[in-house]
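**Q** Sharing query.cif, mmCIF, C-alpha atoms, pLDDT in the B column; chains and numbers go by the auth columns:
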data_input
#
loop_
_atom_site.group_PDB
_atom_site.id
_atom_site.type_symbol
_atom_site.label_atom_id
_atom_site.label_comp_id
_atom_site.label_asym_id
_atom_site.label_seq_id
_atom_site.Cartn_x
_atom_site.Cartn_y
_atom_site.Cartn_z
_atom_site.B_iso_or_equiv
_atom_site.auth_seq_id
_atom_site.auth_asym_id
ATOM 1 C CA MET A 1 -31.597 -6.685 -0.409 46.00 176 L
ATOM 2 C CA ARG A 2 -29.194 -9.065 1.249 60.00 177 L
ATOM 3 C CA ASP A 3 -30.051 -10.396 4.666 85.00 178 L
ATOM 4 C CA ALA A 4 -27.380 -8.704 6.795 88.00 179 L
ATOM 5 C CA GLU A 5 -28.512 -10.385 9.980 91.00 180 L
ATOM 6 C CA SER A 6 -28.150 -13.911 8.584 92.00 181 L
ATOM 7 C CA PHE A 7 -24.731 -13.029 7.159 94.00 182 L
ATOM 8 C CA ASP A 8 -23.656 -11.609 10.524 94.00 183 L
ATOM 9 C CA ASP A 9 -24.752 -14.831 12.220 94.00 184 L
ATOM 10 C CA PHE A 10 -22.888 -16.885 9.635 95.00 185 L
ATOM 11 C CA TYR A 11 -19.780 -14.745 10.039 95.00 186 L
ATOM 12 C CA ARG A 12 -19.815 -14.900 13.850 96.00 187 L
ATOM 13 C CA SER A 13 -20.309 -18.644 13.881 95.00 188 L
ATOM 14 C CA SER A 14 -17.597 -19.456 11.340 95.00 189 L
ATOM 15 C CA ARG A 15 -14.910 -16.763 11.462 95.00 190 L
ATOM 16 C CA LYS A 16 -12.657 -18.464 14.026 95.00 191 L
ATOM 17 C CA ARG A 17 -12.758 -21.782 12.172 95.00 192 L
ATOM 18 C CA MET A 18 -12.040 -19.981 8.901 95.00 193 L
ATOM 19 C CA LEU A 19 -9.066 -18.190 10.407 95.00 194 L
ATOM 20 C CA ARG A 20 -7.664 -21.452 11.799 95.00 195 L
ATOM 21 C CA TYR A 21 -8.194 -23.041 8.391 95.00 196 L
ATOM 22 C CA GLY A 22 -6.529 -20.132 6.610 94.00 197 L
ATOM 23 C CA TYR A 23 -3.576 -20.314 8.975 94.00 198 L
ATOM 24 C CA ALA A 24 -3.256 -24.045 8.382 94.00 199 L
ATOM 25 C CA VAL A 25 -3.292 -23.476 4.630 92.00 200 L
ATOM 26 C CA VAL A 26 -0.779 -20.616 4.384 91.00 201 L
ATOM 27 C CA GLY A 27 1.191 -20.884 7.634 91.00 202 L
ATOM 28 C CA ASP A 28 1.160 -17.153 8.288 91.00 203 L
ATOM 29 C CA HIS A 29 -1.349 -15.522 10.607 94.00 204 L
ATOM 30 C CA THR A 30 -1.404 -12.134 8.876 94.00 205 L
ATOM 31 C CA GLU A 31 -1.754 -13.672 5.430 93.00 206 L
ATOM 32 C CA ALA A 32 -4.500 -15.954 6.742 95.00 207 L
ATOM 33 C CA GLN A 33 -6.378 -12.925 8.076 96.00 208 L
ATOM 34 C CA ASP A 34 -6.152 -11.257 4.667 95.00 209 L
ATOM 35 C CA LEU A 35 -7.349 -14.366 2.821 95.00 210 L
ATOM 36 C CA VAL A 36 -10.241 -14.980 5.188 96.00 211 L
ATOM 37 C CA GLN A 37 -11.269 -11.338 5.078 97.00 212 L
ATOM 38 C CA GLU A 38 -11.319 -11.431 1.287 96.00 213 L
ATOM 39 C CA ALA A 39 -13.269 -14.704 1.305 96.00 214 L
ATOM 40 C CA PHE A 40 -15.914 -13.249 3.627 96.00 215 L
ATOM 41 C CA ALA A 41 -16.103 -10.093 1.507 96.00 216 L
ATOM 42 C CA ARG A 42 -16.825 -12.259 -1.520 96.00 217 L
ATOM 43 C CA ALA A 43 -19.354 -14.253 0.482 96.00 218 L
ATOM 44 C CA TRP A 44 -21.130 -11.029 1.392 95.00 219 L
ATOM 45 C CA ARG A 45 -21.260 -9.964 -2.247 94.00 220 L
ATOM 46 C CA HIS A 46 -22.863 -13.310 -3.150 93.00 221 L
ATOM 47 C CA TRP A 47 -24.872 -13.741 0.046 94.00 222 L
ATOM 48 C CA ARG A 48 -28.250 -13.685 -1.684 91.00 223 L
ATOM 49 C CA LYS A 49 -27.372 -16.938 -3.501 91.00 224 L
ATOM 50 C CA LEU A 50 -24.922 -18.267 -0.945 91.00 225 L
ATOM 51 C CA SER A 51 -27.392 -18.094 1.933 88.00 226 L
ATOM 52 C CA ASP A 52 -29.403 -20.820 0.175 89.00 227 L
ATOM 53 C CA HIS A 53 -26.308 -22.959 -0.411 89.00 228 L
ATOM 54 C CA PRO A 54 -26.370 -26.223 1.569 91.00 229 L
ATOM 55 C CA ALA A 55 -22.852 -25.536 2.924 92.00 230 L
ATOM 56 C CA PRO A 56 -21.875 -21.849 2.788 94.00 231 L
ATOM 57 C CA GLU A 57 -18.898 -22.491 5.056 94.00 232 L
ATOM 58 C CA ALA A 58 -17.518 -24.985 2.539 95.00 233 L
ATOM 59 C CA TRP A 59 -17.899 -22.297 -0.152 95.00 234 L
ATOM 60 C CA VAL A 60 -15.856 -19.855 1.956 95.00 235 L
ATOM 61 C CA ARG A 61 -13.215 -22.541 2.600 95.00 236 L
ATOM 62 C CA LEU A 62 -12.976 -23.130 -1.138 95.00 237 L
ATOM 63 C CA VAL A 63 -12.474 -19.400 -1.716 95.00 238 L
ATOM 64 C CA VAL A 64 -9.746 -19.309 0.964 96.00 239 L
ATOM 65 C CA ALA A 65 -7.991 -22.270 -0.657 95.00 240 L
ATOM 66 C CA ARG A 66 -8.165 -20.694 -4.109 95.00 241 L
ATOM 67 C CA LEU A 67 -6.898 -17.360 -2.822 95.00 242 L
ATOM 68 C CA ALA A 68 -4.025 -19.194 -1.115 94.00 243 L
ATOM 69 C CA ALA A 69 -3.188 -20.993 -4.366 93.00 244 L
ATOM 70 C CA ASP A 70 -3.183 -17.667 -6.193 91.00 245 L
ATOM 71 C CA ARG A 71 -0.850 -16.291 -3.536 89.00 246 L
ATOM 72 C CA TRP A 72 1.580 -19.186 -3.984 88.00 247 L
ATOM 73 C CA ARG A 73 1.476 -18.750 -7.759 87.00 248 L
ATOM 74 C CA ARG A 74 2.315 -15.065 -7.416 86.00 249 L
ATOM 75 C CA LEU A 75 5.131 -15.815 -4.981 85.00 250 L
ATOM 76 C CA ARG A 76 6.553 -18.472 -7.319 86.00 251 L
ATOM 77 C CA GLY A 77 6.534 -15.884 -10.114 85.00 252 L
ATOM 78 C CA TRP A 78 8.309 -13.356 -7.896 84.00 253 L
ATOM 79 C CA ARG A 79 10.913 -15.931 -6.866 84.00 254 L
ATOM 80 C CA ALA A 80 11.556 -16.828 -10.499 86.00 255 L
ATOM 81 C CA ALA A 81 11.940 -13.157 -11.428 85.00 256 L
ATOM 82 C CA ILE A 82 14.336 -12.588 -8.549 85.00 257 L
ATOM 83 C CA ALA A 83 16.350 -15.658 -9.508 86.00 258 L
ATOM 84 C CA ARG A 84 16.640 -14.397 -13.088 88.00 259 L
ATOM 85 C CA ALA A 85 17.599 -10.878 -12.020 87.00 260 L
ATOM 86 C CA GLY A 86 20.125 -11.984 -9.422 84.00 261 L
ATOM 87 C CA PRO A 87 20.758 -10.274 -6.139 82.00 262 L
ATOM 88 C CA PRO A 88 20.124 -6.543 -5.973 80.00 263 L
ATOM 89 C CA ASP A 89 23.004 -4.112 -6.091 84.00 264 L
ATOM 90 C CA VAL A 90 24.440 -3.121 -2.763 89.00 265 L
ATOM 91 C CA VAL A 91 22.978 0.208 -1.731 87.00 266 L
ATOM 92 C CA ARG A 92 24.873 2.447 0.602 89.00 267 L
ATOM 93 C CA PRO A 93 22.948 3.639 3.622 90.00 268 L
ATOM 94 C CA PRO A 94 21.897 7.271 3.372 88.00 269 L
ATOM 95 C CA GLY A 95 24.295 9.818 4.748 87.00 270 L
ATOM 96 C CA GLU A 96 23.515 11.864 7.823 85.00 271 L
ATOM 97 C CA ASP A 97 22.764 14.937 5.709 81.00 272 L
ATOM 98 C CA THR A 98 20.317 12.984 3.557 84.00 273 L
ATOM 99 C CA VAL A 99 18.499 11.771 6.657 88.00 274 L
ATOM 100 C CA LEU A 100 18.304 15.358 7.905 87.00 275 L
ATOM 101 C CA LEU A 101 17.026 16.560 4.525 86.00 276 L
ATOM 102 C CA VAL A 102 14.305 13.903 4.375 89.00 277 L
ATOM 103 C CA GLY A 103 13.256 14.760 7.931 91.00 278 L
ATOM 104 C CA ALA A 104 13.079 18.428 7.026 91.00 279 L
ATOM 105 C CA LEU A 105 11.123 17.731 3.841 92.00 280 L
ATOM 106 C CA ARG A 106 8.552 15.809 5.865 93.00 281 L
ATOM 107 C CA GLN A 107 7.892 18.976 7.855 94.00 282 L
ATOM 108 C CA LEU A 108 6.957 20.957 4.739 94.00 283 L
ATOM 109 C CA PRO A 109 3.425 21.153 3.388 94.00 284 L
ATOM 110 C CA ALA A 110 2.761 18.557 0.684 93.00 285 L
ATOM 111 C CA ALA A 111 2.510 21.131 -2.120 94.00 286 L
ATOM 112 C CA GLN A 112 5.936 22.593 -1.296 94.00 287 L
ATOM 113 C CA ARG A 113 7.488 19.105 -1.060 94.00 288 L
ATOM 114 C CA GLN A 114 5.977 18.161 -4.400 94.00 289 L
ATOM 115 C CA ALA A 115 7.187 21.341 -6.098 94.00 290 L
ATOM 116 C CA LEU A 116 10.714 20.961 -4.700 93.00 291 L
ATOM 117 C CA ALA A 117 10.878 17.296 -5.700 92.00 292 L
ATOM 118 C CA LEU A 118 9.646 17.949 -9.237 94.00 293 L
ATOM 119 C CA HIS A 119 12.001 20.899 -9.663 94.00 294 L
ATOM 120 C CA TYR A 120 15.163 19.391 -8.207 90.00 295 L
ATOM 121 C CA LEU A 121 14.773 15.655 -8.716 90.00 296 L
ATOM 122 C CA PHE A 122 13.094 15.726 -12.131 92.00 297 L
ATOM 123 C CA ASP A 123 14.603 19.004 -13.382 93.00 298 L
ATOM 124 C CA MET A 124 11.139 20.315 -14.247 94.00 299 L
ATOM 125 C CA SER A 125 10.662 23.982 -15.002 94.00 300 L
ATOM 126 C CA VAL A 126 8.198 26.136 -13.083 95.00 301 L
ATOM 127 C CA GLU A 127 5.894 26.057 -16.111 96.00 302 L
ATOM 128 C CA ASP A 128 6.028 22.255 -16.339 95.00 303 L
ATOM 129 C CA ILE A 129 5.254 21.916 -12.628 95.00 304 L
ATOM 130 C CA ALA A 130 2.353 24.351 -12.989 96.00 305 L
ATOM 131 C CA ARG A 131 0.957 22.319 -15.871 95.00 306 L
ATOM 132 C CA GLU A 132 1.317 19.006 -14.009 93.00 307 L
ATOM 133 C CA THR A 133 -0.232 20.293 -10.785 93.00 308 L
ATOM 134 C CA SER A 134 -2.884 22.447 -12.514 95.00 309 L
ATOM 135 C CA VAL A 135 -1.959 25.647 -10.681 95.00 310 L
ATOM 136 C CA PRO A 136 -0.692 29.056 -11.885 96.00 311 L
ATOM 137 C CA THR A 137 3.067 29.513 -12.300 95.00 312 L
ATOM 138 C CA GLY A 138 3.030 32.144 -9.555 96.00 313 L
ATOM 139 C CA THR A 139 1.760 29.530 -7.124 96.00 314 L
ATOM 140 C CA VAL A 140 4.594 27.170 -8.068 95.00 315 L
ATOM 141 C CA LYS A 141 7.132 29.966 -7.617 95.00 316 L
ATOM 142 C CA SER A 142 5.636 30.662 -4.194 95.00 317 L
ATOM 143 C CA TRP A 143 5.797 26.988 -3.211 95.00 318 L
ATOM 144 C CA LEU A 144 9.439 26.768 -4.306 93.00 319 L
ATOM 145 C CA SER A 145 10.406 29.974 -2.536 92.00 320 L
ATOM 146 C CA ARG A 146 8.625 29.101 0.701 93.00 321 L
ATOM 147 C CA GLY A 147 9.905 25.540 0.588 91.00 322 L
ATOM 148 C CA ARG A 148 13.510 26.672 0.133 90.00 323 L
ATOM 149 C CA SER A 149 13.169 29.211 2.938 89.00 324 L
ATOM 150 C CA ARG A 150 11.681 26.655 5.306 91.00 325 L
ATOM 151 C CA LEU A 151 14.378 24.110 4.444 89.00 326 L
ATOM 152 C CA ALA A 152 17.070 26.726 5.087 86.00 327 L
ATOM 153 C CA ALA A 153 15.544 27.368 8.513 88.00 328 L
ATOM 154 C CA LEU A 154 15.234 23.653 9.289 90.00 329 L
ATOM 155 C CA LEU A 155 18.749 22.842 8.045 87.00 330 L
ATOM 156 C CA PRO A 156 20.940 25.749 9.189 80.00 331 L
ATOM 157 C CA ASP A 157 24.158 23.673 9.374 77.00 332 L
ATOM 158 C CA VAL A 158 23.766 21.869 6.056 64.00 333 L
ATOM 159 C CA SER A 159 24.849 23.578 2.862 61.00 334 L
ATOM 160 C CA PRO A 160 23.111 22.584 -0.364 57.00 335 L
ATOM 161 C CA GLU A 161 26.423 21.252 -1.752 56.00 336 L
ATOM 162 C CA GLU A 162 26.700 18.765 1.127 54.00 337 L
ATOM 163 C CA VAL A 163 23.356 17.073 0.491 50.00 338 L
ATOM 164 C CA GLU A 164 23.512 14.128 -1.874 47.00 339 L
ATOM 165 C CA VAL A 165 20.168 14.405 -3.649 48.00 340 L
ATOM 166 C CA THR A 166 20.469 10.953 -5.240 42.00 341 L
ATOM 167 C CA GLY A 167 20.380 9.360 -1.793 41.00 342 L
ATOM 168 C CA VAL A 168 16.894 10.719 -1.093 44.00 343 L
ATOM 169 C CA ALA A 169 14.356 7.926 -1.423 39.00 344 L
#
How does the structure come out when it is put into structure tokens?
**A**
Amino acid sequence: MRDAESFDDFYRSSRKRMLRYGYAVVGDHTEAQDLVQEAFARAWRHWRKLSDHPAPEAWVRLVVARLAADRWRRLRGWRAAIARAGPPDVVRPPGEDTVLLVGALRQLPAAQRQALALHYLFDMSVEDIARETSVPTGTVKSWLSRGRSRLAALLPDVSPEEVEVTGVA
């Protein structure tokens, strides 16, 4: 069993220094918190061996530095991919009706939302939805019916023809 008390003491005595170090390395407080948290999590996993290390804080600093290097590598890869792909297409903001529809959908139970999305956005049949969600077809029909009824009540001034379904994210 790992010695939780000695790890807690180590953590309390070094966490502020580690966070300052992480911030100095990456230049972003939130990212530094994530790196330091991950480094301490790894230290905890290896605490049985690490507690005997002559400089466990140096080990954690090394982990923070390596995690930061990994982060920069990933970011460089993302930047290269973005440069190759070019700027994204301009996306129109959603229309007022789309915003109303999304707000109304959020008020439905998850099962009804899922059934409506699968049926209308993916053109799935009731049978296909039943298979994917592992429920009887009657349940899917109920979800669709109740979902449509609830949407009609939540959106009394919006006709189905007015809602641009492709704008729903």
**Q** I'd like the neighbourhood of Ala230 of chain L as number ranges by chain, where a residue qualifies if any of its atoms comes within 12 Å (using all atoms listed in the file), though same-chain residues fewer than 6 positions away should be ignored.
**A** L: 185, 189, 224, 236-237
**Q** Which neighbours of segment 319-335 of chain L fall inside 9 Å, counting only C-alpha atoms, when residues of the same chain fewer than 6 positions from it are skipped, and could you give them as a list in words?
**A** Asp272, Leu275, Leu276, Ala279, Leu280, Gln282, Leu283, Pro284, Gln287, Arg288, Ala290, Leu291, His294 and Val301 of chain L
**Q** Once the PyMOL selection byres ((chain L and resi 222) around 10) is applied to the coordinates I shared, what remains selected? I want it as a ChimeraX atom specification.
**A** /L:176-179,181-182,215-221,223-228,231
**Q** What is the atom CA of Thr273 of chain L-atom CA of Leu296 of chain L distance in Å, reported with one decimal?
**A**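 That distance, rounded to one decimal, is 13.7 Å.
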**Q** If I take atom CA of Arg195 of chain L and atom CA of Gly252 of chain L, how far is one from the other in Å, to one decimal?
**A**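 It comes out at 26.7 Å.
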**Q** Residue by residue, what does the PyMOL selection byres ((chain L and resi 243) around 9) grab here? Present the result as a CSV table (one decimal) with C-alpha atoms, in the coordinates of the input.
**A**
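Below is the file expr-v1.csv, written as the result:
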chain,number,residue,atom,x,y,z
L,197,GLY,CA,-6.5,-20.1,6.6
L,200,VAL,CA,-3.3,-23.5,4.6
L,201,VAL,CA,-0.8,-20.6,4.4
L,206,GLU,CA,-1.8,-13.7,5.4
L,207,ALA,CA,-4.5,-16.0,6.7
L,210,LEU,CA,-7.3,-14.4,2.8
L,238,VAL,CA,-12.5,-19.4,-1.7
L,239,VAL,CA,-9.7,-19.3,1.0
L,240,ALA,CA,-8.0,-22.3,-0.7
L,241,ARG,CA,-8.2,-20.7,-4.1
L,242,LEU,CA,-6.9,-17.4,-2.8
L,244,ALA,CA,-3.2,-21.0,-4.4
L,245,ASP,CA,-3.2,-17.7,-6.2
L,246,ARG,CA,-0.8,-16.3,-3.5
L,247,TRP,CA,1.6,-19.2,-4.0
L,248,ARG,CA,1.5,-18.8,-7.8
**Q** Figure out the distance between atom CA of Ala305 of chain L and atom CA of Val277 of chain L, please, to one decimal in Å.
**A**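 Separation between atom CA of Val277 of chain L and atom CA of Ala305 of chain L: 23.5 Å.
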**Q** Specify the axis-aligned box that encloses all atoms of segment 300-314 of chain L listed in the file after padding of 5 Å on each side, stating its centre and edge lengths in Å to one decimal as lines of an AutoDock Vina configuration file.
**A**
center_x = 3.9
center_y = 25.6
center_z = -11.7
size_x = 23.5
size_y = 23.1
size_z = 19.2
**Q** Go through L:Val211, L:Val310, L:Ala292, L:Leu250 and flag the residue nearest Tyr198 of chain L, using only C-alpha atoms for the distances.
**A**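 Closest to Tyr198 of chain L, using only C-alpha atoms: L:Val211.
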